[in-house]
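Report on the following structure.
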Amino acid sequence: MLEIKNIDVYYGVIHALKDISLTVSQGEIVTLIGANGAGKTTTLRTISGLIKPANGRVDFNGERIKGTSAKDIVKKGLSHVPEGRRVFPEMTVFENLELGAYLRKDKKGIKDDLDRVYASFPILQKRSRQNAGTLSGGEQQMLAIGRALMSRPKLLLMDEPSMGLAPLLVKEIFSIIRQINEQGTTILLVEQNANMALSIAHRAYVIETGSIVLEGTGKELAQSEEIKKAYLGG
Amino acid sequence: MKNLLTPKNIKTVVGIVAIYGIIQLLISTNILSDYYQVTLAMICINIILAVGLNLITGFTGQFSLGHAGFMSIGAYTSALITINMTGEYSFYVGILGGAGLAAVVGFIIGMPTLRLKGDYLAIATLGMAEIIRIMMLNLDFTGGAAGLSGIPQYTNWLWLFVFSAGTVLVTRNFINSSHGRACISIREDEIASEAMGVNTTKYKVLAFVIGAFFAGIAGALYSSYFYFIKPDLFGFLKSIDILVIVVLGGMGSLTGSILAAILLAIISTYLQSFPELRMVIYSLLLVIIMIFRPKGLMGSKEFSLGGFPGNLSLPWKKSAKVKDEG
């Protein structure tokens, strides 16, 4: 479904991504784990068109999307839950969700998806007329996920959904991610919380200072000695 | 076709006509003397300017310090057109030409500068307004430092009112449309907005162009009301004046801009009797208002004629409402 090949990204003179390749197939949860500054977020932002890579290929559903504007990439069915949630704080929860469906014109479909999001996140319905800035961190993360789902994506890119959340909430968010996947959305998940990420991922990649150093199934990597030492604390 | 005759719309129209009628009555009966009519004109012109700038700065979140530049383009264009053509007809051409040219310049300047953020954008727009001022100062047909005088006076209370009410209505409808939502989302979080598929460049430029268009109208009305313009009138301080109205009223509140424009004009009119202390008191008042209402008079709240009188939010009513939803 998504295939990126030999991507290089520079920030000025800094070589942030070095020859990165990875694939995500239909129906999978794929996770990209790594330490701070390894290039996880950069990879996601390159895929969703927010950063232009120097060279390499990004194919989505067999179509080249490198160099396509972020707007057209969203139209093709690829939606991004940005790092740090980034909800629109002075807008209501409802308006935030509405903006998620910004590029869609089918009112009926939008209404259905709104109901679906409310069904997955009942708290959002309860707070629908409240400003998003007044929500707790966990609720904001749910809103960010719900907002991304409003564009009815085929592939959902998630950037550190566990960031800054209490352990209990992290569990809840991850079970939601699994549910979304079971309902048919493919997911590419970037995480620092390697333990949680590997527990729900079908496949995983490990990124270190801009290069992919390991790949395998979630289980394999969770048991690998190297990973345990570097990321799982023991 | 949607039904336009909703109770809300009817109330809005009745409200607008009532405001016009009451003030027209005050003018006809000479309760509002000529002296106060000048204040009235400044209020209307400032409302148009502030609403336009609020769309750029308050709603779309793009900090612009060059609004007076667009005003001067509108003023000069319309002045030159009305001086060189005859008949009242030239006034319409002047307003349209002035606003149109300001919008075009807004587009040309907005395209490259709106890539900048925050302070950088403010400096770029400031520079742009200065360039416009220097051009007006040095071109032959704009009269140089002496400016243009003898501009035919067509602006009257009717036109002032039509254009300020029109500006407010158009802006309000724009804000409530999906385009307006896109603009607000840029202010809220540009990256998230882009990730949602909003064409952020397009909407930033659009807001800038609309704001410039309104400033052009304001400039045209100004030149035709005061029949004399010179480059100094549209300097840096004028841009700051407009920004003060927007910030004082509340970034993201049209009602706030209107209230602040009225309040500031009244304050400065009354302070004319104390010329030595005028600026001191004026500045003090600004400081005091900002201390007690740091988000401006209205914050980002609105008051609409259509919802009157149910929307007169009373403190005890509001707290009850929050409980219901919680």
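Here, A, B, ... name the chains of the structure tokens in the order displayed, residue numbers run from 1 inside each chain, and ligands are numbered from 1 in the same displayed order.
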
Any chance you could tabulate, as a Markdown table, the residues of chain A at most 10 Å from chain B with each one's nearest atom pair and distance in Å to one decimal, using only C-alpha atoms, in chain and rising number order?
```
| residue | atom | partner | partner_atom | distance |
| --- | --- | --- | --- | --- |
| A:Arg45 | CA | B:Ala195 | CA | 9.2 |
| A:Ser48 | CA | B:Ala195 | CA | 7.5 |
| A:Gly49 | CA | B:Ala195 | CA | 8.6 |
| A:Leu50 | CA | B:Ala195 | CA | 7.6 |
| A:Ser69 | CA | B:Asn199 | CA | 8.8 |
| A:Ala70 | CA | B:Gly197 | CA | 6.2 |
| A:Lys71 | CA | B:Gly197 | CA | 3.9 |
| A:Asp72 | CA | B:Gly197 | CA | 7.2 |
| A:Ile73 | CA | B:Gly197 | CA | 7.9 |
| A:Val74 | CA | B:Gly197 | CA | 5.7 |
| A:Lys75 | CA | B:Gly197 | CA | 7.5 |
| A:Leu78 | CA | B:Ala195 | CA | 9.7 |
| A:Ser79 | CA | B:Ala195 | CA | 7.2 |
| A:His80 | CA | B:Ala195 | CA | 6.1 |
| A:Val81 | CA | B:Ala195 | CA | 7.9 |
| A:Pro82 | CA | B:Ala192 | CA | 6.7 |
| A:Glu83 | CA | B:Ala192 | CA | 9.4 |
| A:Arg85 | CA | B:Ala192 | CA | 8.5 |
| A:Arg86 | CA | B:Ala192 | CA | 5.9 |
| A:Val87 | CA | B:Ala192 | CA | 7.2 |
| A:Phe88 | CA | B:Glu188 | CA | 5.0 |
| A:Pro89 | CA | B:Glu188 | CA | 6.5 |
| A:Glu90 | CA | B:Glu188 | CA | 6.9 |
| A:Met91 | CA | B:Glu188 | CA | 8.1 |
| A:Glu95 | CA | B:Arg181 | CA | 8.4 |
| A:Asn96 | CA | B:Ser185 | CA | 8.6 |
| A:Glu98 | CA | B:Arg181 | CA | 9.3 |
| A:Leu99 | CA | B:Met196 | CA | 7.0 |
| A:Gly100 | CA | B:Met196 | CA | 5.6 |
| A:Ala101 | CA | B:Met196 | CA | 7.8 |
| A:Tyr102 | CA | B:Met196 | CA | 6.9 |
| A:Leu103 | CA | B:Gly197 | CA | 6.5 |
| A:Lys126 | CA | B:Gly326 | CA | 7.1 |
| A:Arg127 | CA | B:Gly326 | CA | 7.1 |
| A:Ser128 | CA | B:Glu325 | CA | 9.0 |
| A:Arg129 | CA | B:Glu325 | CA | 7.8 |
| A:Gln130 | CA | B:Glu325 | CA | 8.7 |
| A:Ala144 | CA | B:Ala192 | CA | 9.3 |
| A:Arg147 | CA | B:Met196 | CA | 8.4 |
| A:Ala148 | CA | B:Met196 | CA | 7.3 |
| A:Met150 | CA | B:Met196 | CA | 9.5 |
| A:Ser151 | CA | B:Met196 | CA | 7.9 |
```

Pick out the residues sitting within 10 Å of Ile176 in chain A, and hand them over as a compact mmCIF listing (two decimals) with C-alpha atoms, in the first residue's frame; count only C-alpha atoms, and ignore anything fewer than 6 positions along from it in its own chain.
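For reference, result13.txt as written:
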```
# COMPACT_ATOMS: atom_id res chain seq x y z
CA SER A 120 -15.41 5.19 19.42
CA PHE A 121 -14.76 8.19 21.67
CA MET A 142 -8.44 11.11 21.07
CA ILE A 145 -7.12 10.69 16.16
CA VAL A 170 -1.47 5.03 26.94
CA GLU A 182 -9.54 -3.93 12.98
```

(request) Kindly indicate which residue among A:Lys76, A:Gln26, A:Ile7, A:Ile33 lies nearest to Ala222 in chain A, using only C-alpha atoms for the distances. (result)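 Once distances to Ala222 in chain A are computed over only C-alpha atoms, the minimum belongs to A:Ile33.
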
(message) Using only C-alpha atoms for the distances, tell me which of B:Leu96, B:Leu169, B:Leu139, B:Leu233 is nearest to Gly306 in chain B.
(response)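 Smallest distance to Gly306 in chain B is found for B:Leu169.
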
Could you give me, as a PDB file with C-alpha atoms, in the first residue's frame, the residues within 7 Å of range 211-214 of chain A, counting only C-alpha atoms and dropping anything in the same chain fewer than 6 positions from it?
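Done, and the output landed in result35.pdb:
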```pdb
ATOM      1  CA  LEU A  17      17.241  10.639   6.768  1.00  0.00           C
ATOM      2  CA  LYS A  18      19.769   8.453   5.054  1.00  0.00           C
ATOM      3  CA  ASP A  19      18.506   6.102   2.394  1.00  0.00           C
ATOM      4  CA  ILE A  20      15.360   5.047   4.221  1.00  0.00           C
ATOM      5  CA  TYR A 205      11.289  -1.040  11.862  1.00  0.00           C
TER       6      TYR A 205
END
```

(request) Among the residues of range 85-201 of chain A, find those DSSP assigns to alpha helix (DSSP H) from the backbone and print them as number ranges by chain. (result) A: 93-100, 107-120, 122-126, 137-149, 167-182, 194-200

Just C-alpha atoms for this one: save the residues we selected as a short mmCIF file (atom, residue, chain, number, x, y, z; two decimals), in the first residue's frame.
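What ended up in selection_13.cif:
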```cif
data_model
loop_
_atom_site.label_atom_id
_atom_site.label_comp_id
_atom_site.auth_asym_id
_atom_site.auth_seq_id
_atom_site.Cartn_x
_atom_site.Cartn_y
_atom_site.Cartn_z
CA VAL A 93 -14.35 19.70 19.61
CA PHE A 94 -17.06 19.57 16.98
CA GLU A 95 -15.34 22.20 14.81
CA ASN A 96 -12.07 20.32 15.10
CA LEU A 97 -13.73 17.17 13.80
CA GLU A 98 -15.45 19.15 11.06
CA LEU A 99 -12.08 20.42 9.90
CA GLY A 100 -10.86 16.85 9.71
CA LYS A 107 -22.50 15.66 3.87
CA LYS A 108 -24.15 12.32 4.53
CA GLY A 109 -20.82 10.49 4.72
CA ILE A 110 -19.36 13.13 7.01
CA LYS A 111 -22.33 12.78 9.35
CA ASP A 112 -21.87 8.99 9.43
CA ASP A 113 -18.18 9.31 10.18
CA LEU A 114 -18.89 11.86 12.88
CA ASP A 115 -21.25 9.37 14.53
CA ARG A 116 -18.63 6.66 14.20
CA VAL A 117 -15.97 8.84 15.84
CA TYR A 118 -18.40 9.71 18.65
CA ALA A 119 -19.12 6.01 19.07
CA SER A 120 -15.41 5.19 19.42
CA PRO A 122 -17.92 8.90 23.70
CA ILE A 123 -16.06 11.55 25.71
CA LEU A 124 -15.72 13.65 22.54
CA GLN A 125 -19.47 13.72 22.06
CA LYS A 126 -19.93 14.79 25.64
CA GLY A 137 -4.03 15.45 27.21
CA GLY A 138 -5.65 12.08 26.66
CA GLU A 139 -8.86 13.62 25.36
CA GLN A 140 -6.88 15.84 23.03
CA GLN A 141 -5.08 12.79 21.68
CA MET A 142 -8.44 11.11 21.07
CA LEU A 143 -9.62 14.25 19.33
CA ALA A 144 -6.51 14.32 17.15
CA ILE A 145 -7.12 10.69 16.16
CA GLY A 146 -10.83 11.31 15.61
CA ARG A 147 -10.05 14.35 13.51
CA ALA A 148 -7.71 12.35 11.30
CA LEU A 149 -10.35 9.63 10.92
CA PRO A 167 0.35 4.91 31.56
CA LEU A 168 -3.32 4.02 31.91
CA LEU A 169 -4.27 6.36 29.10
CA VAL A 170 -1.47 5.03 26.94
CA LYS A 171 -3.04 1.58 27.25
CA GLU A 172 -6.41 2.96 26.27
CA ILE A 173 -5.03 4.84 23.27
CA PHE A 174 -3.26 1.72 22.05
CA SER A 175 -6.37 -0.40 22.34
CA ILE A 176 -8.18 2.27 20.30
CA ILE A 177 -5.45 2.11 17.67
CA ARG A 178 -5.93 -1.62 17.46
CA GLN A 179 -9.70 -1.17 17.08
CA ILE A 180 -9.27 1.35 14.29
CA ASN A 181 -7.02 -1.12 12.54
CA GLU A 182 -9.54 -3.93 12.98
CA ALA A 194 8.74 0.59 22.03
CA ASN A 195 7.11 -1.89 24.40
CA MET A 196 3.57 -0.81 23.67
CA ALA A 197 4.19 -0.24 19.99
CA LEU A 198 5.70 -3.68 19.44
CA SER A 199 2.86 -5.33 21.34
CA ILE A 200 0.25 -4.24 18.81
#
```

(request) Might you pull out every residue within 9 Å of Phe226 in chain B, with only C-alpha atoms counted and same-chain residues fewer than 4 positions away left off, and present them as a PyMOL selection string? (result) chain B and resi 38+151+153+155+221-222

Neighbouring residues of Leu137 in chain B were defined as those with any atom within 12 Å, considering only C-alpha atoms; residues of the same chain fewer than 4 positions away were excluded. Please report them as a PDB file with N, CA and C atoms, in the first residue's frame.
```
ATOM      1  N   SER B  72      -3.666  53.787   1.791  1.00  0.00           N
ATOM      2  CA  SER B  72      -3.165  54.901   0.988  1.00  0.00           C
ATOM      3  C   SER B  72      -3.341  54.618  -0.506  1.00  0.00           C
ATOM      4  N   TYR B  76      -5.366  57.271  -2.725  1.00  0.00           N
ATOM      5  CA  TYR B  76      -4.773  57.966  -3.868  1.00  0.00           C
ATOM      6  C   TYR B  76      -5.465  57.590  -5.178  1.00  0.00           C
ATOM      7  N   GLU B 130       5.966  51.223   4.026  1.00  0.00           N
ATOM      8  CA  GLU B 130       6.918  52.331   3.877  1.00  0.00           C
ATOM      9  C   GLU B 130       7.243  52.565   2.413  1.00  0.00           C
ATOM     10  N   ILE B 131       7.435  51.458   1.665  1.00  0.00           N
ATOM     11  CA  ILE B 131       7.735  51.595   0.237  1.00  0.00           C
ATOM     12  C   ILE B 131       6.593  52.333  -0.457  1.00  0.00           C
ATOM     13  N   ILE B 132       5.369  51.957  -0.123  1.00  0.00           N
ATOM     14  CA  ILE B 132       4.211  52.611  -0.736  1.00  0.00           C
ATOM     15  C   ILE B 132       4.210  54.103  -0.380  1.00  0.00           C
ATOM     16  N   ARG B 133       4.495  54.390   0.888  1.00  0.00           N
ATOM     17  CA  ARG B 133       4.485  55.800   1.317  1.00  0.00           C
ATOM     18  C   ARG B 133       5.553  56.610   0.576  1.00  0.00           C
ATOM     19  N   PHE B 141       2.543  62.440 -10.127  1.00  0.00           N
ATOM     20  CA  PHE B 141       1.086  62.592 -10.206  1.00  0.00           C
ATOM     21  C   PHE B 141       0.393  62.453  -8.854  1.00  0.00           C
ATOM     22  N   THR B 142       1.148  62.060  -7.801  1.00  0.00           N
ATOM     23  CA  THR B 142       0.513  61.986  -6.483  1.00  0.00           C
ATOM     24  C   THR B 142       0.738  63.264  -5.685  1.00  0.00           C
ATOM     25  N   GLY B 143       1.406  64.232  -6.292  1.00  0.00           N
ATOM     26  CA  GLY B 143       1.561  65.521  -5.629  1.00  0.00           C
ATOM     27  C   GLY B 143       2.675  65.584  -4.609  1.00  0.00           C
ATOM     28  N   GLY B 144       3.467  64.538  -4.496  1.00  0.00           N
ATOM     29  CA  GLY B 144       4.606  64.571  -3.578  1.00  0.00           C
ATOM     30  C   GLY B 144       4.195  64.791  -2.140  1.00  0.00           C
ATOM     31  N   ALA B 145       5.064  65.509  -1.401  1.00  0.00           N
ATOM     32  CA  ALA B 145       4.821  65.706   0.031  1.00  0.00           C
ATOM     33  C   ALA B 145       3.594  66.560   0.271  1.00  0.00           C
ATOM     34  N   ALA B 146       3.267  67.442  -0.696  1.00  0.00           N
ATOM     35  CA  ALA B 146       2.099  68.307  -0.515  1.00  0.00           C
ATOM     36  C   ALA B 146       0.795  67.528  -0.630  1.00  0.00           C
ATOM     37  N   GLY B 147       0.851  66.401  -1.297  1.00  0.00           N
ATOM     38  CA  GLY B 147      -0.333  65.565  -1.407  1.00  0.00           C
ATOM     39  C   GLY B 147      -1.321  66.069  -2.428  1.00  0.00           C
ATOM     40  N   LEU B 148      -2.523  65.559  -2.370  1.00  0.00           N
ATOM     41  CA  LEU B 148      -3.570  65.937  -3.308  1.00  0.00           C
ATOM     42  C   LEU B 148      -4.633  66.711  -2.551  1.00  0.00           C
ATOM     43  N   ILE B 229      -5.437  64.659   0.925  1.00  0.00           N
ATOM     44  CA  ILE B 229      -4.598  63.569   1.438  1.00  0.00           C
ATOM     45  C   ILE B 229      -3.134  63.880   1.173  1.00  0.00           C
ATOM     46  N   LYS B 230      -2.282  63.381   2.068  1.00  0.00           N
ATOM     47  CA  LYS B 230      -0.841  63.473   1.841  1.00  0.00           C
ATOM     48  C   LYS B 230      -0.202  62.195   2.383  1.00  0.00           C
ATOM     49  N   PRO B 231       1.017  61.883   1.922  1.00  0.00           N
ATOM     50  CA  PRO B 231       1.614  60.581   2.273  1.00  0.00           C
ATOM     51  C   PRO B 231       1.727  60.362   3.787  1.00  0.00           C
ATOM     52  N   ASP B 232       1.996  61.437   4.532  1.00  0.00           N
ATOM     53  CA  ASP B 232       2.208  61.280   5.975  1.00  0.00           C
ATOM     54  C   ASP B 232       1.009  60.690   6.712  1.00  0.00           C
ATOM     55  N   LEU B 233      -0.176  60.904   6.136  1.00  0.00           N
ATOM     56  CA  LEU B 233      -1.383  60.397   6.806  1.00  0.00           C
ATOM     57  C   LEU B 233      -1.390  58.875   6.885  1.00  0.00           C
ATOM     58  N   PHE B 234      -0.642  58.249   5.976  1.00  0.00           N
ATOM     59  CA  PHE B 234      -0.705  56.791   5.901  1.00  0.00           C
ATOM     60  C   PHE B 234       0.632  56.168   6.312  1.00  0.00           C
ATOM     61  N   GLY B 235       1.240  56.744   7.300  1.00  0.00           N
ATOM     62  CA  GLY B 235       2.540  56.238   7.759  1.00  0.00           C
ATOM     63  C   GLY B 235       2.385  55.083   8.724  1.00  0.00           C
TER      64      GLY B 235
END
```

(message) Under the rule that only C-alpha atoms are counted, which of B:Ile43, B:Ala68, B:Ile22, B:Ala99 is the nearest residue to Thr269 in chain B?
(response)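 Closest to Thr269 in chain B of all the choices is B:Ile43.
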
(request) Write down as a PyMOL selection string the residues of range 13-219 of chain A whose backbone DSSP state falls under strand (DSSP E). (result) chain A and resi 14-24+29-33+55-60+63-64+78-81+155-159+186-191+203-208+211-217

With N, CA and C atoms kept, could you save the residues just selected as a short mmCIF file (atom, residue, chain, number, x, y, z; two decimals), in the first residue's frame?
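Okay, this is what ended up in selection33.cif:
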```
data_model
loop_
_atom_site.label_atom_id
_atom_site.label_comp_id
_atom_site.auth_asym_id
_atom_site.auth_seq_id
_atom_site.Cartn_x
_atom_site.Cartn_y
_atom_site.Cartn_z
N ILE A 14 22.29 19.30 7.56
CA ILE A 14 22.16 18.08 8.35
C ILE A 14 21.44 17.01 7.55
N HIS A 15 22.05 15.85 7.47
CA HIS A 15 21.50 14.74 6.73
C HIS A 15 20.58 13.97 7.68
N ALA A 16 19.28 14.27 7.63
CA ALA A 16 18.37 13.73 8.66
C ALA A 16 17.92 12.31 8.37
N LEU A 17 17.62 12.01 7.14
CA LEU A 17 17.24 10.64 6.77
C LEU A 17 18.21 10.15 5.71
N LYS A 18 18.77 8.97 5.99
CA LYS A 18 19.77 8.45 5.05
C LYS A 18 19.25 7.18 4.42
N ASP A 19 18.81 7.30 3.17
CA ASP A 19 18.51 6.10 2.39
C ASP A 19 17.48 5.21 3.10
N ILE A 20 16.38 5.81 3.50
CA ILE A 20 15.36 5.05 4.22
C ILE A 20 14.42 4.34 3.24
N SER A 21 14.14 3.07 3.49
CA SER A 21 13.13 2.37 2.71
C SER A 21 12.24 1.61 3.68
N LEU A 22 10.95 1.67 3.43
CA LEU A 22 10.06 0.80 4.21
C LEU A 22 8.75 0.61 3.47
N THR A 23 8.04 -0.46 3.81
CA THR A 23 6.76 -0.72 3.15
C THR A 23 5.70 -0.98 4.21
N VAL A 24 4.48 -0.63 3.86
CA VAL A 24 3.33 -0.92 4.71
C VAL A 24 2.30 -1.57 3.80
N ILE A 29 -0.61 -3.02 10.97
CA ILE A 29 -0.09 -1.95 11.81
C ILE A 29 1.43 -2.10 11.73
N VAL A 30 2.08 -1.07 11.22
CA VAL A 30 3.53 -1.11 11.15
C VAL A 30 4.04 -0.02 12.08
N THR A 31 5.05 -0.34 12.87
CA THR A 31 5.56 0.69 13.75
C THR A 31 7.02 1.01 13.44
N LEU A 32 7.35 2.26 13.65
CA LEU A 32 8.71 2.72 13.44
C LEU A 32 9.18 3.21 14.80
N ILE A 33 10.14 2.50 15.40
CA ILE A 33 10.57 2.91 16.73
C ILE A 33 12.02 3.40 16.69
N ASN A 55 15.87 13.09 -2.48
CA ASN A 55 15.67 12.09 -3.54
C ASN A 55 15.03 10.84 -2.97
N GLY A 56 14.70 9.91 -3.83
CA GLY A 56 14.01 8.70 -3.41
C GLY A 56 12.58 8.70 -3.92
N ARG A 57 11.85 7.64 -3.56
CA ARG A 57 10.49 7.49 -4.08
C ARG A 57 9.50 7.25 -2.95
N VAL A 58 8.32 7.85 -3.04
CA VAL A 58 7.24 7.52 -2.13
C VAL A 58 6.05 7.11 -2.99
N ASP A 59 5.63 5.85 -2.86
CA ASP A 59 4.48 5.37 -3.63
C ASP A 59 3.35 5.03 -2.68
N PHE A 60 2.17 5.50 -3.01
CA PHE A 60 0.98 5.18 -2.21
C PHE A 60 -0.04 4.57 -3.14
N GLU A 63 0.86 4.76 -6.69
CA GLU A 63 0.95 6.08 -7.31
C GLU A 63 2.10 6.83 -6.67
N ARG A 64 2.86 7.55 -7.47
CA ARG A 64 3.96 8.33 -6.89
C ARG A 64 3.40 9.55 -6.19
N LEU A 78 -4.61 9.52 2.79
CA LEU A 78 -3.53 9.35 3.74
C LEU A 78 -3.65 10.48 4.77
N SER A 79 -3.84 10.12 6.02
CA SER A 79 -4.09 11.16 7.01
C SER A 79 -3.07 11.07 8.14
N HIS A 80 -2.72 12.23 8.68
CA HIS A 80 -1.60 12.34 9.60
C HIS A 80 -2.08 12.83 10.96
N VAL A 81 -1.79 12.10 12.01
CA VAL A 81 -2.04 12.59 13.36
C VAL A 81 -0.73 13.17 13.86
N LEU A 155 -4.91 5.01 4.94
CA LEU A 155 -3.71 4.82 5.76
C LEU A 155 -3.61 5.97 6.75
N LEU A 156 -3.42 5.60 8.02
CA LEU A 156 -3.34 6.61 9.07
C LEU A 156 -1.90 6.65 9.58
N LEU A 157 -1.31 7.83 9.54
CA LEU A 157 0.04 7.99 10.07
C LEU A 157 -0.08 8.57 11.47
N MET A 158 0.49 7.90 12.46
CA MET A 158 0.37 8.42 13.83
C MET A 158 1.74 8.71 14.41
N ASP A 159 1.88 9.94 14.91
CA ASP A 159 3.18 10.33 15.44
C ASP A 159 3.12 10.40 16.96
N THR A 186 -5.35 0.92 7.67
CA THR A 186 -3.96 0.57 7.81
C THR A 186 -3.26 1.65 8.63
N ILE A 187 -2.30 1.26 9.46
CA ILE A 187 -1.69 2.24 10.35
C ILE A 187 -0.16 2.18 10.31
N LEU A 188 0.44 3.35 10.18
CA LEU A 188 1.89 3.45 10.36
C LEU A 188 2.10 4.28 11.62
N LEU A 189 2.72 3.65 12.63
CA LEU A 189 2.79 4.24 13.96
C LEU A 189 4.24 4.53 14.30
N VAL A 190 4.50 5.76 14.71
CA VAL A 190 5.84 6.11 15.15
C VAL A 190 5.81 6.22 16.66
N GLU A 191 6.72 5.59 17.34
CA GLU A 191 6.66 5.57 18.80
C GLU A 191 8.03 5.55 19.46
N ARG A 203 4.30 -5.58 12.08
CA ARG A 203 5.71 -5.50 11.70
C ARG A 203 6.32 -4.23 12.26
N ALA A 204 7.65 -4.21 12.38
CA ALA A 204 8.28 -3.05 12.97
C ALA A 204 9.62 -2.76 12.30
N TYR A 205 9.97 -1.47 12.32
CA TYR A 205 11.29 -1.04 11.86
C TYR A 205 11.95 -0.29 13.01
N VAL A 206 13.26 -0.42 13.12
CA VAL A 206 13.99 0.36 14.13
C VAL A 206 14.86 1.36 13.38
N ILE A 207 14.74 2.62 13.78
CA ILE A 207 15.51 3.66 13.11
C ILE A 207 16.51 4.25 14.09
N GLU A 208 17.73 4.46 13.59
CA GLU A 208 18.78 5.03 14.44
C GLU A 208 19.53 6.08 13.63
N SER A 211 18.93 6.11 9.85
CA SER A 211 18.95 4.92 9.01
C SER A 211 18.16 3.82 9.68
N ILE A 212 17.58 2.96 8.85
CA ILE A 212 16.87 1.81 9.41
C ILE A 212 17.88 0.72 9.72
N VAL A 213 17.91 0.27 10.99
CA VAL A 213 18.95 -0.68 11.37
C VAL A 213 18.40 -2.09 11.57
N LEU A 214 17.09 -2.20 11.77
CA LEU A 214 16.52 -3.53 12.02
C LEU A 214 15.10 -3.54 11.50
N GLU A 215 14.64 -4.71 11.06
CA GLU A 215 13.22 -4.83 10.79
C GLU A 215 12.78 -6.25 11.06
N GLY A 216 11.48 -6.42 11.31
CA GLY A 216 10.97 -7.76 11.59
C GLY A 216 9.54 -7.68 12.05
N THR A 217 8.98 -8.81 12.48
CA THR A 217 7.63 -8.76 13.00
C THR A 217 7.69 -8.17 14.41
#
```

(request) Could you check how far CA of Tyr20 in chain B sits from CA of Tyr225 in chain B, in Å to one decimal? (result)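 For CA of Tyr20 in chain B relative to CA of Tyr225 in chain B, the distance reads 18.3 Å.
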